[in-house]
Amino acid sequence: MSSRRVSRRGESQSLLGRTGWQEENEVWEDWVESYEDDWQEEEESRLRKRRIEKPAPKSSKAEEIKKRKKKRKRRVRIIHGIATFFTLFVATVFFVMIAWLAVYFYTGWKEKEEAASAVSTVDVEEVAPVQDIRKWADFYALELERPELAVDLLTVNEYSRPGEELPEVKSIFIHYTANAGTTAEQNRSYFESLAESHERSASAHFVIGFDGTIVQCIPTKEIAYAVKGRNYDSISIECCYINENGKFESATYNSLIELTAWLLHKYELEPGDVLRHYDEGGKNCPKYYVEHEDAWDRFLGDLEIYMRNIS
């Protein structure tokens with residue numbers, strides 16, 4: 001641009017020399033005009049360079065707006081997530097409370113029903129024992145001797161004789177050994193072996209052999225592992241047998257009546273308190289007297305006759 005200015009000044013000076021003041025003025029105006037054009041071109045060039053080097057403010061604003069939008073969306077998502085969690089939490093608490101209230105009111109209603117049922121049951125039971133006591137008063141008044149038996153107690157162990165106290169006796173349970181031809185002592189030895197084998201938990205207070213011998217394995221003041229759910233309020237008698245059908249031999253049958261009668265006398269119970277293992281849990285025990293209901297009824301009848309004849 002400077003070379004163009006010098007050349008134009010030279011031209012202006014030569015024209016001044018030739019044409020005078022008027023021509024000089026025209027030349028000066030041309031020079032000013034060309035100077036302004038050059039200056040404008042330089043400014044535009046500088047502006048273009050700046051635009052290339054530095055992004056336009058509008059584009060930076062657009063990016064900033066985008067960033068703000070992203071932040072806003074992120075905040076919205078966070079707020080939405082918190083709101084969703086809070087809603088689910090409140091709903092869960094609400095349903096848990098509803099369930100708890102339902103259980104609470106149902107339990108209360110159930111307890112009232114059971115209480116009412118218990119009252120009616122107690123009313124019946126309060127009358128029944130009085131009648132039974134009168135019925136068997138003479139029998140309970142007897143000084144009944146214990147039948148002849150061998151006391152061969154198991155050693156205290158957690159599998160056959162836990163040594164726990166028997167709080168009360170409400171029933172006498174009759175069982176069969178489920179192994180035909182074995183003796184009372186052999187069955188007693190099996191109970192003893194459980195302390196070492198840990199095969200299972202099982203025992204009975206008494207075992208009656210097929211020859212009529214009675215072996216006591218556990219004291220009557222302790223529990224035996226014989227009837228699940230009734231071990232803490234009952235005494236159990238195991239009976240040996242020979243025939244596979246499970247029917248007791250006459251000697252076993254007679255010893256069972258004698259031992260059962262003595263236990264009923266000891267705890268002031270009646271023949272109706274004598275049960276089969278089958279009557280508590282449905283196990284097929286004693287086999288023959290479950291499969292032949294008449295035989296069981298006959299046993300209870302014979303037991304009652306024996307008790308009446310003693311008195």
# chains A, B, ... in the order shown; residues from 1 in each chain; ligands from 1
>>> select_by_dssp(residues="stretch 31-275 of chain A", states="alpha helix (DSSP H)", output="PyMOL selection string")
chain A and resi 31-53+57-135+137-141+184-197+250-267
>>> write_last_selection(atoms="C-alpha atoms", output="short mmCIF file (atom, residue, chain, number, x, y, z; two decimals), in the first residue's frame")
data_model
loop_
_atom_site.label_atom_id
_atom_site.label_comp_id
_atom_site.auth_asym_id
_atom_site.auth_seq_id
_atom_site.Cartn_x
_atom_site.Cartn_y
_atom_site.Cartn_z
CA TRP A 31 -5.72 10.11 -3.71
CA VAL A 32 -7.87 10.37 -0.56
CA GLU A 33 -10.44 8.07 -2.09
CA SER A 34 -7.86 5.50 -3.02
CA TYR A 35 -6.31 5.82 0.44
CA GLU A 36 -9.65 5.11 2.09
CA ASP A 37 -10.19 2.10 -0.15
CA ASP A 38 -6.80 0.75 0.81
CA TRP A 39 -7.47 1.32 4.51
CA GLN A 40 -10.83 -0.40 4.30
CA GLU A 41 -9.24 -3.39 2.56
CA GLU A 42 -6.61 -3.62 5.30
CA GLU A 43 -9.29 -3.47 8.02
CA GLU A 44 -11.34 -6.16 6.38
CA SER A 45 -8.23 -8.30 6.05
CA ARG A 46 -7.48 -7.88 9.74
CA LEU A 47 -11.06 -8.72 10.67
CA ARG A 48 -10.95 -11.88 8.57
CA LYS A 49 -7.75 -12.94 10.33
CA ARG A 50 -9.36 -12.36 13.72
CA ARG A 51 -12.38 -14.41 12.78
CA ILE A 52 -10.17 -17.30 11.73
CA GLU A 53 -7.99 -17.10 14.86
CA PRO A 57 -18.86 -14.63 20.00
CA LYS A 58 -22.14 -15.98 18.70
CA SER A 59 -20.73 -19.50 18.28
CA SER A 60 -19.28 -19.46 21.83
CA LYS A 61 -22.66 -18.34 23.09
CA ALA A 62 -24.32 -21.23 21.29
CA GLU A 63 -21.94 -23.68 22.93
CA GLU A 64 -22.59 -22.14 26.31
CA ILE A 65 -26.33 -22.46 25.72
CA LYS A 66 -25.84 -26.12 24.80
CA LYS A 67 -23.86 -26.70 27.98
CA ARG A 68 -26.57 -25.05 30.04
CA LYS A 69 -29.20 -27.20 28.38
CA LYS A 70 -27.17 -30.33 29.14
CA LYS A 71 -26.79 -29.28 32.77
CA ARG A 72 -30.49 -28.54 32.97
CA LYS A 73 -31.35 -31.95 31.51
CA ARG A 74 -28.96 -33.61 33.93
CA ARG A 75 -30.59 -31.81 36.86
CA VAL A 76 -34.02 -32.79 35.59
CA ARG A 77 -32.94 -36.45 35.35
CA ILE A 78 -31.50 -36.36 38.86
CA ILE A 79 -34.64 -34.74 40.26
CA HIS A 80 -36.80 -37.24 38.39
CA GLY A 81 -34.74 -40.15 39.76
CA ILE A 82 -35.01 -38.84 43.33
CA ALA A 83 -38.75 -38.31 42.92
CA THR A 84 -39.18 -41.85 41.55
CA PHE A 85 -37.16 -43.37 44.40
CA PHE A 86 -39.10 -41.40 46.99
CA THR A 87 -42.41 -42.43 45.41
CA LEU A 88 -41.41 -46.12 45.41
CA PHE A 89 -40.19 -45.84 49.01
CA VAL A 90 -43.43 -44.26 50.18
CA ALA A 91 -45.47 -46.86 48.26
CA THR A 92 -43.43 -49.71 49.80
CA VAL A 93 -43.84 -48.32 53.31
CA PHE A 94 -47.54 -47.89 52.68
CA PHE A 95 -48.05 -51.48 51.52
CA VAL A 96 -45.90 -52.83 54.36
CA MET A 97 -48.02 -50.91 56.84
CA ILE A 98 -51.21 -52.22 55.23
CA ALA A 99 -49.86 -55.79 55.41
CA TRP A 100 -48.79 -55.32 59.05
CA LEU A 101 -52.19 -53.94 60.00
CA ALA A 102 -53.90 -56.84 58.22
CA VAL A 103 -51.74 -59.38 60.09
CA TYR A 104 -52.24 -57.49 63.37
CA PHE A 105 -56.03 -57.43 63.11
CA TYR A 106 -56.16 -61.02 61.83
CA THR A 107 -53.97 -62.20 64.72
CA GLY A 108 -56.16 -60.35 67.20
CA TRP A 109 -59.27 -61.88 65.71
CA LYS A 110 -57.68 -65.33 65.70
CA GLU A 111 -56.65 -65.01 69.35
CA LYS A 112 -60.19 -64.04 70.30
CA GLU A 113 -61.55 -67.04 68.41
CA GLU A 114 -59.05 -69.37 70.08
CA ALA A 115 -59.80 -67.86 73.47
CA ALA A 116 -63.52 -68.40 72.94
CA SER A 117 -62.85 -71.96 71.79
CA ALA A 118 -60.57 -72.57 74.77
CA VAL A 119 -63.25 -71.35 77.15
CA SER A 120 -65.81 -73.72 75.67
CA THR A 121 -63.26 -76.56 75.77
CA VAL A 122 -62.39 -75.83 79.39
CA ASP A 123 -66.07 -75.89 80.27
CA VAL A 124 -66.35 -79.40 78.83
CA GLU A 125 -63.08 -80.61 80.36
CA GLU A 126 -64.01 -79.27 83.80
CA VAL A 127 -66.97 -81.60 83.88
CA ALA A 128 -65.28 -84.66 82.34
CA PRO A 129 -62.44 -85.09 84.86
CA VAL A 130 -64.91 -85.00 87.75
CA GLN A 131 -66.85 -87.87 86.23
CA ASP A 132 -63.64 -89.82 85.47
CA ILE A 133 -62.32 -89.38 88.99
CA ARG A 134 -65.55 -90.73 90.40
CA LYS A 135 -65.51 -93.59 87.90
CA ALA A 137 -61.78 -93.45 92.33
CA ASP A 138 -61.55 -96.97 93.75
CA PHE A 139 -58.81 -97.86 91.28
CA TYR A 140 -56.75 -94.77 92.13
CA ALA A 141 -57.18 -95.49 95.84
CA ALA A 184 -36.51 -106.45 74.59
CA GLU A 185 -32.83 -106.34 75.50
CA GLN A 186 -31.77 -106.18 71.86
CA ASN A 187 -34.02 -103.18 71.28
CA ARG A 188 -32.68 -101.57 74.44
CA SER A 189 -29.14 -102.11 73.09
CA TYR A 190 -30.14 -100.49 69.81
CA PHE A 191 -31.27 -97.35 71.65
CA GLU A 192 -27.97 -97.35 73.53
CA SER A 193 -25.97 -97.67 70.30
CA LEU A 194 -27.46 -94.43 68.94
CA ALA A 195 -25.19 -92.54 71.31
CA GLU A 196 -22.27 -93.73 69.17
CA SER A 197 -23.80 -94.13 65.70
CA SER A 250 -50.07 -113.39 74.47
CA ALA A 251 -47.22 -112.89 76.96
CA THR A 252 -46.48 -109.46 75.47
CA TYR A 253 -50.19 -108.56 75.45
CA ASN A 254 -50.68 -109.47 79.12
CA SER A 255 -47.55 -107.63 80.26
CA LEU A 256 -48.66 -104.58 78.28
CA ILE A 257 -52.05 -104.52 80.04
CA GLU A 258 -50.39 -104.90 83.45
CA LEU A 259 -47.76 -102.18 82.80
CA THR A 260 -50.27 -99.79 81.22
CA ALA A 261 -52.70 -100.18 84.13
CA TRP A 262 -49.93 -99.43 86.61
CA LEU A 263 -48.99 -96.24 84.70
CA LEU A 264 -52.64 -95.13 84.55
CA HIS A 265 -52.85 -95.63 88.30
CA LYS A 266 -49.58 -93.77 88.89
CA TYR A 267 -50.69 -90.69 86.93
#
>>> select_by_dssp(residues="stretch 53-231 of chain A", states="strand (DSSP E or B)", output="NGL selection string")
:A and (150-151 or 157 or 161 or 165 or 171-176 or 206-208 or 214-216 or 222)
>>> atom_distance(atom1="atom CA of A:Gly301", atom2="atom CA of A:Pro271")
8.4 Å
>>> closest_residue(among="A:Glu304, A:Glu280, A:Glu148, A:Asp273", to="A:Gln216", atoms="only C-alpha atoms")
A:Glu148
>>> closest_residue(among="A:Cys240, A:Tyr278, A:Asn284, A:Arg308", to="A:Asn179", atoms="only C-alpha atoms")
A:Cys240
>>> closest_residue(among="A:Glu238, A:Asp279, A:Glu165, A:Glu145", to="A:Val215", atoms="only C-alpha atoms")
A:Glu238
